[in-house]
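Enquirer: So here's run_33.tsv, just TSV, C-alpha atoms (C1' of nucleotides):
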chain	number	residue	atom	x	y	z
A	1	MET	CA	-23.37	9.83	6.83
A	2	THR	CA	-20.42	8.34	8.61
A	3	ARG	CA	-19.79	4.63	8.64
A	4	LYS	CA	-22.34	2.70	10.65
A	5	ARG	CA	-21.19	2.25	14.23
A	6	PHE	CA	-21.00	-1.31	15.44
A	7	ASP	CA	-20.27	-0.71	19.09
A	8	GLU	CA	-23.82	-0.06	20.16
A	9	MET	CA	-25.62	-2.91	18.49
A	10	GLY	CA	-25.76	-5.03	21.62
A	11	CYS	CA	-23.53	-7.61	20.00
A	12	SER	CA	-20.02	-8.58	21.09
A	13	VAL	CA	-19.05	-9.62	17.59
A	14	ALA	CA	-20.09	-6.25	16.22
A	15	CYS	CA	-18.17	-4.60	19.02
A	16	ALA	CA	-15.03	-6.53	18.08
A	17	LEU	CA	-15.45	-5.71	14.42
A	18	ASN	CA	-15.80	-2.06	15.32
A	19	GLU	CA	-12.20	-2.22	16.51
A	20	VAL	CA	-10.54	-4.56	14.03
A	21	GLY	CA	-13.19	-5.15	11.39
A	22	ASP	CA	-11.78	-3.13	8.53
A	23	TRP	CA	-9.74	-4.54	5.68
A	24	TRP	CA	-6.32	-3.76	7.13
A	25	SER	CA	-6.33	-3.91	10.94
A	26	LEU	CA	-6.11	-7.67	11.40
A	27	LEU	CA	-3.37	-7.82	8.78
A	28	VAL	CA	-1.37	-5.27	10.74
A	29	VAL	CA	-1.90	-7.34	13.89
A	30	LYS	CA	-0.88	-10.52	12.06
A	31	GLN	CA	2.25	-8.80	10.78
A	32	ALA	CA	3.07	-7.67	14.31
A	33	MET	CA	2.76	-11.29	15.42
A	34	LEU	CA	5.44	-12.15	12.86
A	35	GLY	CA	7.76	-9.74	14.63
A	36	THR	CA	7.33	-6.53	12.68
A	37	ARG	CA	7.57	-3.41	14.84
A	38	ARG	CA	8.64	-0.45	12.73
A	39	PHE	CA	6.43	1.77	10.64
A	40	VAL	CA	8.44	1.29	7.46
A	41	ASP	CA	8.53	-2.47	7.91
A	42	PHE	CA	4.77	-2.68	8.19
A	43	GLN	CA	4.58	-0.52	5.11
A	44	HIS	CA	6.90	-2.66	3.01
A	45	ASN	CA	5.72	-6.05	4.25
A	46	LEU	CA	2.05	-5.27	3.75
A	47	GLY	CA	2.22	-2.94	0.77
A	48	ILE	CA	-0.09	-0.52	2.51
A	49	ALA	CA	-0.26	3.20	1.79
A	50	LYS	CA	1.42	5.34	4.42
A	51	ASN	CA	-1.61	7.42	5.31
A	52	ILE	CA	-3.75	4.31	5.72
A	53	LEU	CA	-1.11	2.62	7.85
A	54	CYS	CA	-0.82	5.74	9.96
A	55	ASN	CA	-4.54	5.78	10.51
A	56	ARG	CA	-4.74	2.07	11.33
A	57	LEU	CA	-1.86	2.14	13.79
A	58	SER	CA	-3.44	5.13	15.53
A	59	ARG	CA	-6.76	3.33	15.79
A	60	LEU	CA	-5.12	0.17	17.09
A	61	VAL	CA	-3.24	2.19	19.69
A	62	ASP	CA	-6.42	4.06	20.66
A	63	ASN	CA	-8.22	0.76	21.10
A	64	GLY	CA	-5.45	-0.72	23.23
A	65	VAL	CA	-4.46	-3.36	20.71
A	66	MET	CA	-0.98	-1.92	20.17
A	67	VAL	CA	1.31	0.56	21.90
A	68	ARG	CA	3.68	3.07	20.40
A	69	VAL	CA	7.02	2.80	22.15
A	70	ASP	CA	9.67	5.47	21.92
A	71	VAL	CA	12.96	3.88	20.90
A	72	GLY	CA	14.97	6.73	19.40
A	73	GLU	CA	17.89	8.14	21.33
A	74	HIS	CA	16.51	11.61	20.88
A	75	GLY	CA	12.85	10.74	20.42
A	76	LYS	CA	11.01	10.52	17.13
A	77	ARG	CA	11.83	6.87	16.53
A	78	TYR	CA	9.06	4.48	17.44
A	79	GLU	CA	8.14	0.85	17.63
A	80	TYR	CA	4.62	-0.45	17.47
A	81	ARG	CA	4.08	-3.48	19.66
A	82	LEU	CA	1.14	-5.67	20.51
A	83	THR	CA	-0.43	-5.35	23.93
A	84	ASP	CA	-1.84	-8.34	25.80
A	85	LYS	CA	-5.16	-7.49	24.20
A	86	GLY	CA	-3.50	-7.52	20.79
A	87	ARG	CA	-1.64	-10.77	21.39
A	88	ASP	CA	-4.95	-12.28	22.45
A	89	LEU	CA	-6.12	-11.87	18.85
A	90	PHE	CA	-3.81	-14.78	18.03
A	91	THR	CA	-6.80	-17.11	18.25
A	92	VAL	CA	-8.81	-15.04	15.79
A	93	VAL	CA	-5.95	-14.66	13.33
A	94	THR	CA	-5.06	-18.34	13.50
A	95	ALA	CA	-8.68	-19.40	13.05
A	96	LEU	CA	-8.91	-17.15	9.99
A	97	ARG	CA	-5.66	-18.52	8.60
A	98	GLN	CA	-6.74	-22.13	9.03
A	99	TRP	CA	-10.18	-21.43	7.59
A	100	SER	CA	-8.62	-19.96	4.50
A	101	GLU	CA	-6.23	-22.86	4.12
A	102	ARG	CA	-9.01	-25.41	4.54
A	103	TRP	CA	-11.29	-23.84	1.94
A	104	ASN	CA	-8.99	-21.98	-0.41
A	105	GLY	CA	-5.90	-24.15	-0.22
A	106	GLU	CA	-2.43	-23.29	1.00
A	107	LYS	CA	-1.71	-19.74	-0.01
A	108	ASP	CA	0.88	-18.99	2.55
A	109	THR	CA	4.62	-19.20	2.26
A	110	LEU	CA	4.94	-19.84	5.96
A	111	GLN	CA	3.61	-22.23	8.49
A	112	LEU	CA	3.07	-22.18	12.23
A	113	VAL	CA	4.64	-24.85	14.41
A	114	ASP	CA	4.83	-25.53	18.12
A	115	ARG	CA	8.10	-23.96	19.26
A	116	GLN	CA	8.71	-26.88	21.63
A	117	THR	CA	8.02	-29.85	19.42
A	118	GLY	CA	8.25	-28.37	15.93
A	119	GLU	CA	4.91	-29.99	15.13
A	120	PRO	CA	2.19	-28.11	13.24
A	121	LEU	CA	-0.67	-26.72	15.30
A	122	ALA	CA	-3.98	-28.45	15.85
A	123	PRO	CA	-7.00	-26.95	14.12
A	124	VAL	CA	-8.63	-24.26	16.23
A	125	THR	CA	-12.05	-25.41	17.36
A	126	VAL	CA	-14.87	-24.27	19.60
A	127	GLN	CA	-15.06	-26.65	22.54
A	128	ASN	CA	-17.27	-27.35	25.52
A	129	GLN	CA	-16.00	-27.45	29.07
A	130	GLN	CA	-14.84	-31.06	28.58
A	131	GLY	CA	-12.73	-30.14	25.58
A	132	GLN	CA	-15.00	-31.75	23.00
A	133	PRO	CA	-15.25	-29.82	19.73
A	134	LEU	CA	-18.59	-28.19	18.94
A	135	THR	CA	-20.04	-27.01	15.66
A	136	VAL	CA	-22.55	-24.20	15.37
A	137	ARG	CA	-25.26	-26.85	15.41
A	138	ASP	CA	-24.12	-28.13	18.80
A	139	VAL	CA	-24.75	-24.82	20.52
A	140	ARG	CA	-27.81	-22.88	21.56
A	141	PHE	CA	-28.21	-19.14	21.90
A	142	VAL	CA	-29.90	-18.07	25.12
A	143	ASP	CA	-30.81	-14.62	26.43
A	144	GLU	CA	-29.94	-13.20	29.85
A	145	ASP	CA	-32.69	-15.23	31.48
A	146	GLY	CA	-31.42	-18.44	29.97
A	147	LYS	CA	-34.36	-18.72	27.62
A	148	PRO	CA	-33.57	-20.08	24.17
A	149	LEU	CA	-33.58	-17.57	21.37
A	150	GLU	CA	-36.76	-17.43	19.33
A	151	GLU	CA	-35.23	-16.37	16.08
A	152	ALA	CA	-37.96	-14.92	13.96
A	153	GLY	CA	-35.29	-13.85	11.57
B	154	MET	CA	-7.40	2.89	-7.67
B	155	THR	CA	-9.59	0.08	-6.48
B	156	ARG	CA	-9.23	-1.45	-3.07
B	157	LYS	CA	-5.98	-3.30	-2.55
B	158	ARG	CA	-6.39	-6.98	-3.35
B	159	PHE	CA	-5.53	-9.32	-0.53
B	160	ASP	CA	-5.73	-12.61	-2.34
B	161	GLU	CA	-2.33	-12.46	-3.95
B	162	MET	CA	-0.19	-11.45	-1.03
B	163	GLY	CA	1.00	-14.98	-0.33
B	164	CYS	CA	-0.78	-14.92	3.01
B	165	SER	CA	-3.70	-17.09	4.06
B	166	VAL	CA	-4.94	-14.51	6.52
B	167	ALA	CA	-5.03	-11.88	3.80
B	168	CYS	CA	-6.79	-14.34	1.56
B	169	ALA	CA	-9.46	-14.94	4.20
B	170	LEU	CA	-9.88	-11.22	4.78
B	171	ASN	CA	-10.32	-10.74	1.06
B	172	GLU	CA	-13.52	-12.76	1.35
B	173	VAL	CA	-14.95	-11.72	4.71
B	174	GLY	CA	-12.71	-8.86	5.80
B	175	ASP	CA	-15.04	-5.91	5.31
B	176	TRP	CA	-17.12	-4.34	8.03
B	177	TRP	CA	-20.35	-6.23	7.35
B	178	SER	CA	-19.64	-9.74	6.04
B	179	LEU	CA	-18.83	-11.46	9.31
B	180	LEU	CA	-21.84	-9.81	10.92
B	181	VAL	CA	-24.06	-11.24	8.20
B	182	VAL	CA	-22.50	-14.66	8.79
B	183	LYS	CA	-22.98	-14.34	12.53
B	184	GLN	CA	-26.61	-13.37	12.02
B	185	ALA	CA	-27.08	-16.40	9.79
B	186	MET	CA	-25.69	-18.54	12.59
B	187	LEU	CA	-28.46	-17.18	14.81
B	188	GLY	CA	-30.97	-18.56	12.35
B	189	THR	CA	-31.70	-15.59	10.11
B	190	ARG	CA	-32.37	-16.56	6.51
B	191	ARG	CA	-34.50	-13.93	4.81
B	192	PHE	CA	-33.29	-10.72	3.21
B	193	VAL	CA	-35.62	-8.49	5.22
B	194	ASP	CA	-34.69	-10.18	8.47
B	195	PHE	CA	-30.99	-9.58	7.90
B	196	GLN	CA	-31.88	-6.01	7.06
B	197	HIS	CA	-33.89	-5.39	10.21
B	198	ASN	CA	-31.72	-7.37	12.63
B	199	LEU	CA	-28.48	-5.75	11.47
B	200	GLY	CA	-29.74	-2.30	10.52
B	201	ILE	CA	-27.86	-2.50	7.26
B	202	ALA	CA	-28.77	-0.58	4.12
B	203	LYS	CA	-30.45	-2.66	1.45
B	204	ASN	CA	-27.93	-2.02	-1.28
B	205	ILE	CA	-25.03	-2.91	1.02
B	206	LEU	CA	-26.78	-6.05	2.21
B	207	CYS	CA	-27.47	-6.99	-1.39
B	208	ASN	CA	-23.84	-6.55	-2.28
B	209	ARG	CA	-22.57	-8.49	0.74
B	210	LEU	CA	-24.92	-11.41	0.23
B	211	SER	CA	-23.87	-11.60	-3.41
B	212	ARG	CA	-20.23	-11.62	-2.46
B	213	LEU	CA	-20.77	-14.27	0.20
B	214	VAL	CA	-22.64	-16.41	-2.31
B	215	ASP	CA	-19.93	-15.87	-4.92
B	216	ASN	CA	-17.31	-16.93	-2.41
B	217	GLY	CA	-19.20	-20.06	-1.42
B	218	VAL	CA	-19.91	-18.90	2.13
B	219	MET	CA	-23.68	-18.79	1.63
B	220	VAL	CA	-26.19	-20.09	-0.89
B	221	ARG	CA	-29.36	-18.48	-2.17
B	222	VAL	CA	-32.18	-21.00	-2.01
B	223	ASP	CA	-35.44	-20.52	-3.88
B	224	VAL	CA	-38.32	-20.95	-1.46
B	225	GLY	CA	-41.23	-19.11	-3.12
B	226	GLU	CA	-44.03	-21.16	-4.61
B	227	HIS	CA	-43.70	-19.25	-7.84
B	228	GLY	CA	-40.07	-18.18	-7.53
B	229	LYS	CA	-38.82	-14.77	-6.40
B	230	ARG	CA	-38.76	-15.64	-2.70
B	231	TYR	CA	-35.36	-16.62	-1.38
B	232	GLU	CA	-33.52	-17.81	1.68
B	233	TYR	CA	-29.84	-17.23	2.28
B	234	ARG	CA	-28.21	-20.11	4.11
B	235	LEU	CA	-24.70	-20.89	5.26
B	236	THR	CA	-22.72	-23.50	3.38
B	237	ASP	CA	-20.30	-25.83	5.14
B	238	LYS	CA	-17.62	-23.27	4.41
B	239	GLY	CA	-19.76	-20.60	6.03
B	240	ARG	CA	-20.61	-22.70	9.07
B	241	ASP	CA	-16.89	-23.34	9.46
B	242	LEU	CA	-16.50	-19.65	10.27
B	243	PHE	CA	-18.11	-20.45	13.63
B	244	THR	CA	-14.64	-20.68	15.15
B	245	VAL	CA	-13.65	-17.26	13.86
B	246	VAL	CA	-16.90	-15.61	14.95
B	247	THR	CA	-16.78	-17.23	18.37
B	248	ALA	CA	-13.16	-16.27	18.89
B	249	LEU	CA	-14.01	-12.69	17.99
B	250	ARG	CA	-17.01	-12.70	20.32
B	251	GLN	CA	-15.00	-14.03	23.23
B	252	TRP	CA	-12.15	-11.63	22.57
B	253	SER	CA	-14.53	-8.71	22.68
B	254	GLU	CA	-16.15	-9.95	25.87
B	255	ARG	CA	-12.79	-10.48	27.54
B	256	TRP	CA	-11.45	-7.03	26.73
B	257	ASN	CA	-14.50	-4.85	26.32
B	258	GLY	CA	-16.86	-6.53	28.74
B	259	GLU	CA	-20.19	-8.20	28.09
B	260	LYS	CA	-21.94	-6.25	25.41
B	261	ASP	CA	-24.17	-8.99	24.17
B	262	THR	CA	-27.71	-9.76	25.11
B	263	LEU	CA	-27.22	-13.39	24.32
B	264	GLN	CA	-24.91	-16.17	25.31
B	265	LEU	CA	-23.78	-19.42	23.73
B	266	VAL	CA	-24.23	-22.69	25.58
B	267	ASP	CA	-23.62	-26.34	24.79
B	268	ARG	CA	-26.93	-27.68	23.51
B	269	GLN	CA	-26.36	-30.96	25.36
B	270	THR	CA	-25.32	-29.77	28.76
B	271	GLY	CA	-26.51	-26.17	28.81
B	272	GLU	CA	-23.06	-25.13	30.01
B	273	PRO	CA	-21.27	-22.12	28.57
B	274	LEU	CA	-18.55	-22.78	26.02
B	275	ALA	CA	-14.87	-23.05	26.82
B	276	PRO	CA	-12.66	-20.20	25.62
B	277	VAL	CA	-11.44	-20.81	22.07
B	278	THR	CA	-7.68	-21.36	22.10
B	279	VAL	CA	-4.92	-22.31	19.74
B	280	GLN	CA	-3.62	-25.74	20.73
B	281	ASN	CA	-0.84	-28.10	19.84
B	282	GLN	CA	-1.40	-31.71	18.80
B	283	GLN	CA	-1.69	-32.74	22.44
B	284	GLY	CA	-4.45	-30.26	23.12
B	285	GLN	CA	-2.32	-27.89	25.18
B	286	PRO	CA	-3.12	-24.21	24.67
B	287	LEU	CA	-0.49	-22.10	22.92
B	288	THR	CA	0.03	-18.36	22.85
B	289	VAL	CA	1.67	-16.51	20.00
B	290	ARG	CA	4.92	-16.77	21.94
B	291	ASP	CA	4.73	-20.55	21.97
B	292	VAL	CA	4.81	-20.85	18.21
B	293	ARG	CA	7.41	-20.35	15.52
B	294	PHE	CA	6.91	-19.31	11.93
B	295	VAL	CA	8.80	-21.44	9.43
B	296	ASP	CA	9.02	-21.24	5.65
B	297	GLU	CA	8.44	-24.09	3.19
B	298	ASP	CA	11.84	-25.55	3.93
B	299	GLY	CA	11.19	-25.58	7.65
B	300	LYS	CA	13.65	-22.79	8.30
B	301	PRO	CA	12.67	-20.33	11.01
B	302	LEU	CA	11.55	-16.94	9.81
B	303	GLU	CA	14.21	-14.25	9.93
B	304	GLU	CA	11.93	-11.35	10.50
B	305	ALA	CA	13.81	-8.22	9.64
B	306	GLY	CA	10.51	-6.49	9.99
C	307	DC	C1'	31.03	18.73	11.00
C	308	DT	C1'	28.48	18.41	6.88
C	309	DT	C1'	25.69	15.97	3.84
C	310	DA	C1'	22.71	12.26	2.58
C	311	DT	C1'	19.40	9.07	3.87
C	312	DT	C1'	15.90	7.10	6.77
C	313	DT	C1'	11.89	7.49	9.54
C	314	DG	C1'	7.43	8.75	10.46
C	315	DG	C1'	4.44	11.19	9.16
C	316	DT	C1'	0.77	15.02	6.62
C	317	DT	C1'	-1.37	16.92	2.40
C	318	DT	C1'	-3.54	16.78	-1.95
C	319	DC	C1'	-6.34	14.82	-5.25
C	320	DG	C1'	-9.02	11.55	-7.74
C	321	DT	C1'	-11.63	7.10	-7.20
C	322	DT	C1'	-14.35	3.89	-4.64
C	323	DT	C1'	-17.33	2.66	-1.00
C	324	DT	C1'	-20.95	3.65	2.18
C	325	DG	C1'	-25.49	5.24	3.79
C	326	DC	C1'	-29.95	6.92	2.89
C	327	DA	C1'	-34.04	7.49	0.51
C	328	DA	C1'	-36.86	6.85	-3.46
C	329	DC	C1'	-38.51	3.84	-6.75
C	330	DC	C1'	-39.76	-0.58	-9.09
C	331	DT	C1'	-41.47	-5.24	-10.07
C	332	DT	C1'	-43.08	-9.55	-8.61
C	333	DT	C1'	-45.44	-12.23	-5.18
C	334	DC	C1'	-48.15	-13.13	-1.25
C	335	DT	C1'	-52.42	-11.85	1.73
C	336	DC	C1'	-56.96	-10.64	2.32
D	337	DG	C1'	-58.75	-7.14	-7.21
D	338	DA	C1'	-56.41	-4.05	-3.74
D	339	DG	C1'	-52.84	-3.52	-0.74
D	340	DA	C1'	-48.83	-4.95	1.46
D	341	DA	C1'	-44.43	-7.37	1.58
D	342	DA	C1'	-40.13	-9.22	-0.53
D	343	DG	C1'	-36.16	-8.36	-2.95
D	344	DG	C1'	-34.01	-5.60	-5.29
D	345	DT	C1'	-31.99	-1.18	-8.27
D	346	DT	C1'	-30.89	3.73	-8.86
D	347	DG	C1'	-29.23	8.36	-7.63
D	348	DC	C1'	-27.05	11.31	-4.67
D	349	DA	C1'	-23.96	13.14	-0.99
D	350	DA	C1'	-20.50	12.06	2.47
D	351	DA	C1'	-16.75	9.44	3.81
D	352	DA	C1'	-12.87	6.28	3.20
D	353	DC	C1'	-9.14	4.62	0.29
D	354	DG	C1'	-4.83	4.70	-2.65
D	355	DA	C1'	-0.99	6.85	-4.78
D	356	DA	C1'	2.20	10.24	-4.91
D	357	DA	C1'	4.25	14.51	-3.41
D	358	DC	C1'	5.97	16.91	0.27
D	359	DC	C1'	8.20	17.72	4.96
D	360	DA	C1'	10.74	17.92	9.42
D	361	DA	C1'	13.50	15.49	12.65
D	362	DA	C1'	16.91	11.87	13.51
D	363	DT	C1'	20.33	8.96	12.18
D	364	DA	C1'	24.20	7.26	9.20
D	365	DA	C1'	28.05	8.17	6.03
D	366	DG	C1'	32.12	10.34	4.91
Taking this structure as input, can you express it in the form of structure tokens?
Expert:
Amino acid sequence: MTRKRFDEMGCSVACALNEVGDWWSLLVVKQAMLGTRRFVDFQHNLGIAKNILCNRLSRLVDNGVMVRVDVGEHGKRYEYRLTDKGRDLFTVVTALRQWSERWNGEKDTLQLVDRQTGEPLAPVTVQNQQGQPLTVRDVRFVDEDGKPLEEAG
Amino acid sequence: MTRKRFDEMGCSVACALNEVGDWWSLLVVKQAMLGTRRFVDFQHNLGIAKNILCNRLSRLVDNGVMVRVDVGEHGKRYEYRLTDKGRDLFTVVTALRQWSERWNGEKDTLQLVDRQTGEPLAPVTVQNQQGQPLTVRDVRFVDEDGKPLEEAG
DNA sequence: CTTATTTGGTTTCGTTTTGCAACCTTTCTC
DNA sequence: GAGAAAGGTTGCAAAACGAAACCAAATAAG
């Protein structure tokens, strides 16, 4: 009676959620993107219980989203850093952030700006090859053979 | 000792996760984007327990992500449909899908294409106002006053 | 050098959530 | 009118979560 596994549902989204789909993981990743690296800092900034944080960091490391780096002079001091795979979640985290701000209003005390220009970011959108934004209604789901999905339900 | 609330952490990402951050919600939304509308179809397509599905659909409706539409001739037959807020999660779901495919390989039996051209979608990216893609290293986090974040951790 | 504090955990325990199966009522289908 | 389907609800056991206590090693303070 373990939690339902999402990694064998034949769905990429489910597969992603199997790795970072719990309540805390994406928040840990987001916090890491803000620069947090140490166990205690994650703990204090997120207000997460130590055992849960421990478990989440382990899972993130196991899944290649973060790495545990030894930084103590005599071992036993660590930093948790994002891998390339983890940094690549920036799109997901930013899309979530913007979605929340669009529909629930500004709840955040900080804002993201382009480091070069200082300007706020553009809204994250799904685009076609020409860079035109697409909604869910502008796309079609096709199977391996290119046939459109007959969605009975 | 209830689950930690994410909606009062002063973080938009946490606020978003408070609504759709559990294991199932985004999968339900994704399934709805594929065209699924009926309770039983969600149940069969996702392999989710009925009580959990019930709970998730209620929460999604409460949060304005989906609506329950009466479609029976004499009541008691319903469809669950995405609202504008729900459809707006397309970016998040697509970013997650692409992330998973990039790092875990193709696990999906279906693919998204532009309805007009039939071409696959471009990778979802964070962009600045000029449409140039930005990584997490190209952005800065500033507070309300525009001061850069001193991230002690 | 010795002591105190910090770090990064693990353990314990009670509560909540999850998954499964059984059951129930109303509504279609035949 | 009988039977099946839709859309739940309930009860139970297993697992996950949250808070606090506890602990050993490493660092900082004096």
Enquirer: Could the residues of chain C within 7 Å of chain B, counting all atoms listed in the file, be given as a list of chain:residue names, please?
Expert: C:DT321, C:DT322, C:DG325
Enquirer: Skipping near chain neighbours, those fewer than 6 positions away, what residues fall within 12 Å of region 189-192 of chain B using all atoms listed in the file, listed as number ranges by chain?
Expert: A: 149-153; B: 180-183, 198-211, 219-225, 229-235; D: 341-344
Enquirer: Would you save the residues of that selection, restricted to C-alpha atoms (C1' of nucleotides), as a PDB file, keeping the file's coordinate frame?
Expert:
ATOM      1  CA  LEU A 149     -33.580 -17.570  21.370  1.00  0.00           C
ATOM      2  CA  GLU A 150     -36.760 -17.430  19.330  1.00  0.00           C
ATOM      3  CA  GLU A 151     -35.230 -16.370  16.080  1.00  0.00           C
ATOM      4  CA  ALA A 152     -37.960 -14.920  13.960  1.00  0.00           C
ATOM      5  CA  GLY A 153     -35.290 -13.850  11.570  1.00  0.00           C
TER       6      GLY A 153
ATOM      7  CA  LEU B 180     -21.840  -9.810  10.920  1.00  0.00           C
ATOM      8  CA  VAL B 181     -24.060 -11.240   8.200  1.00  0.00           C
ATOM      9  CA  VAL B 182     -22.500 -14.660   8.790  1.00  0.00           C
ATOM     10  CA  LYS B 183     -22.980 -14.340  12.530  1.00  0.00           C
ATOM     11  CA  ASN B 198     -31.720  -7.370  12.630  1.00  0.00           C
ATOM     12  CA  LEU B 199     -28.480  -5.750  11.470  1.00  0.00           C
ATOM     13  CA  GLY B 200     -29.740  -2.300  10.520  1.00  0.00           C
ATOM     14  CA  ILE B 201     -27.860  -2.500   7.260  1.00  0.00           C
ATOM     15  CA  ALA B 202     -28.770  -0.580   4.120  1.00  0.00           C
ATOM     16  CA  LYS B 203     -30.450  -2.660   1.450  1.00  0.00           C
ATOM     17  CA  ASN B 204     -27.930  -2.020  -1.280  1.00  0.00           C
ATOM     18  CA  ILE B 205     -25.030  -2.910   1.020  1.00  0.00           C
ATOM     19  CA  LEU B 206     -26.780  -6.050   2.210  1.00  0.00           C
ATOM     20  CA  CYS B 207     -27.470  -6.990  -1.390  1.00  0.00           C
ATOM     21  CA  ASN B 208     -23.840  -6.550  -2.280  1.00  0.00           C
ATOM     22  CA  ARG B 209     -22.570  -8.490   0.740  1.00  0.00           C
ATOM     23  CA  LEU B 210     -24.920 -11.410   0.230  1.00  0.00           C
ATOM     24  CA  SER B 211     -23.870 -11.600  -3.410  1.00  0.00           C
ATOM     25  CA  MET B 219     -23.680 -18.790   1.630  1.00  0.00           C
ATOM     26  CA  VAL B 220     -26.190 -20.090  -0.890  1.00  0.00           C
ATOM     27  CA  ARG B 221     -29.360 -18.480  -2.170  1.00  0.00           C
ATOM     28  CA  VAL B 222     -32.180 -21.000  -2.010  1.00  0.00           C
ATOM     29  CA  ASP B 223     -35.440 -20.520  -3.880  1.00  0.00           C
ATOM     30  CA  VAL B 224     -38.320 -20.950  -1.460  1.00  0.00           C
ATOM     31  CA  GLY B 225     -41.230 -19.110  -3.120  1.00  0.00           C
ATOM     32  CA  LYS B 229     -38.820 -14.770  -6.400  1.00  0.00           C
ATOM     33  CA  ARG B 230     -38.760 -15.640  -2.700  1.00  0.00           C
ATOM     34  CA  TYR B 231     -35.360 -16.620  -1.380  1.00  0.00           C
ATOM     35  CA  GLU B 232     -33.520 -17.810   1.680  1.00  0.00           C
ATOM     36  CA  TYR B 233     -29.840 -17.230   2.280  1.00  0.00           C
ATOM     37  CA  ARG B 234     -28.210 -20.110   4.110  1.00  0.00           C
ATOM     38  CA  LEU B 235     -24.700 -20.890   5.260  1.00  0.00           C
TER      39      LEU B 235
ATOM     40  C1'  DA D 341     -44.430  -7.370   1.580  1.00  0.00           C
ATOM     41  C1'  DA D 342     -40.130  -9.220  -0.530  1.00  0.00           C
ATOM     42  C1'  DG D 343     -36.160  -8.360  -2.950  1.00  0.00           C
ATOM     43  C1'  DG D 344     -34.010  -5.600  -5.290  1.00  0.00           C
TER      44       DG D 344
END
Enquirer: In Å, with one decimal, what is the gap from CA of Val246 (chain B) to CA of Val13 (chain A)?
Expert: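 Going from CA of Val246 (chain B) over to CA of Val13 (chain A) covers 6.9 Å.
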Enquirer: Considering all atoms listed in the file, return as a CSV table (one decimal) with C-alpha atoms, in the frame of the given file whatever protein or nucleic-acid residues lie within 12 Å of Thr288 (chain B), sequence-local ones (same chain, fewer than 2 positions apart) excluded.
Expert:
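Listing of selection_20.csv after writing:
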chain,number,residue,atom,x,y,z
A,33,MET,CA,2.8,-11.3,15.4
A,84,ASP,CA,-1.8,-8.3,25.8
A,86,GLY,CA,-3.5,-7.5,20.8
A,87,ARG,CA,-1.6,-10.8,21.4
A,88,ASP,CA,-5.0,-12.3,22.4
A,89,LEU,CA,-6.1,-11.9,18.8
A,90,PHE,CA,-3.8,-14.8,18.0
A,91,THR,CA,-6.8,-17.1,18.2
A,92,VAL,CA,-8.8,-15.0,15.8
A,93,VAL,CA,-6.0,-14.7,13.3
A,94,THR,CA,-5.1,-18.3,13.5
A,112,LEU,CA,3.1,-22.2,12.2
A,113,VAL,CA,4.6,-24.8,14.4
A,114,ASP,CA,4.8,-25.5,18.1
A,115,ARG,CA,8.1,-24.0,19.3
A,121,LEU,CA,-0.7,-26.7,15.3
B,277,VAL,CA,-11.4,-20.8,22.1
B,278,THR,CA,-7.7,-21.4,22.1
B,279,VAL,CA,-4.9,-22.3,19.7
B,280,GLN,CA,-3.6,-25.7,20.7
B,281,ASN,CA,-0.8,-28.1,19.8
B,285,GLN,CA,-2.3,-27.9,25.2
B,286,PRO,CA,-3.1,-24.2,24.7
B,290,ARG,CA,4.9,-16.8,21.9
B,291,ASP,CA,4.7,-20.6,22.0
B,292,VAL,CA,4.8,-20.8,18.2
B,293,ARG,CA,7.4,-20.4,15.5
Enquirer: Hey, what's within 12 Å of DC336 (chain C) if we count all atoms listed in the file and toss same-chain stuff fewer than 5 positions away? As number ranges by chain, please?
Expert: D: 337-340
Enquirer: Around all the atoms of region 310-326 of chain C listed in the file, with 3 Å of room on each side, what axis-aligned box do you get, giving centre and edge lengths in Å to one decimal, as JSON?
Expert:
{"center_x": -3.6, "center_y": 9.8, "center_z": 1.4, "size_x": 58.7, "size_y": 20.3, "size_z": 24.2}
Enquirer: Mind giving me the straight-line distance from CA of Ser253 (chain B) to CA of Leu26 (chain A) in Å, one decimal?
Expert: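 We find that CA of Ser253 (chain B) and CA of Leu26 (chain A) lie 14.1 Å from each other.
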Enquirer: Counting only C-alpha atoms (C1' of nucleotides), which residues of chain D fall within 12 Å of chain A, and what is the closest atom pair for each with its distance in Å at one decimal, ordered by chain and rising number, as JSON lines?
Expert:
{"residue": "D:DA349", "atom": "C1'", "partner": "A:Met1", "partner_atom": "CA", "distance": 8.5}
{"residue": "D:DA350", "atom": "C1'", "partner": "A:Met1", "partner_atom": "CA", "distance": 5.7}
{"residue": "D:DA351", "atom": "C1'", "partner": "A:Thr2", "partner_atom": "CA", "distance": 6.1}
{"residue": "D:DA352", "atom": "C1'", "partner": "A:Arg3", "partner_atom": "CA", "distance": 9.0}
{"residue": "D:DC353", "atom": "C1'", "partner": "A:Ile52", "partner_atom": "CA", "distance": 7.7}
{"residue": "D:DG354", "atom": "C1'", "partner": "A:Ala49", "partner_atom": "CA", "distance": 6.5}
{"residue": "D:DA355", "atom": "C1'", "partner": "A:Ala49", "partner_atom": "CA", "distance": 7.6}
{"residue": "D:DA356", "atom": "C1'", "partner": "A:Ala49", "partner_atom": "CA", "distance": 10.0}
{"residue": "D:DA360", "atom": "C1'", "partner": "A:Lys76", "partner_atom": "CA", "distance": 10.7}
{"residue": "D:DA361", "atom": "C1'", "partner": "A:Lys76", "partner_atom": "CA", "distance": 7.1}
{"residue": "D:DA362", "atom": "C1'", "partner": "A:Lys76", "partner_atom": "CA", "distance": 7.1}
{"residue": "D:DT363", "atom": "C1'", "partner": "A:Gly72", "partner_atom": "CA", "distance": 9.3}
Enquirer: Would you mind telling me which residue in B:Thr236, B:Gln264, B:Gln196, B:Thr270 lies nearest to chain A when using only C-alpha atoms?
Expert: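 Answer, going by the shortest atom-to-atom distance: B:Gln264.
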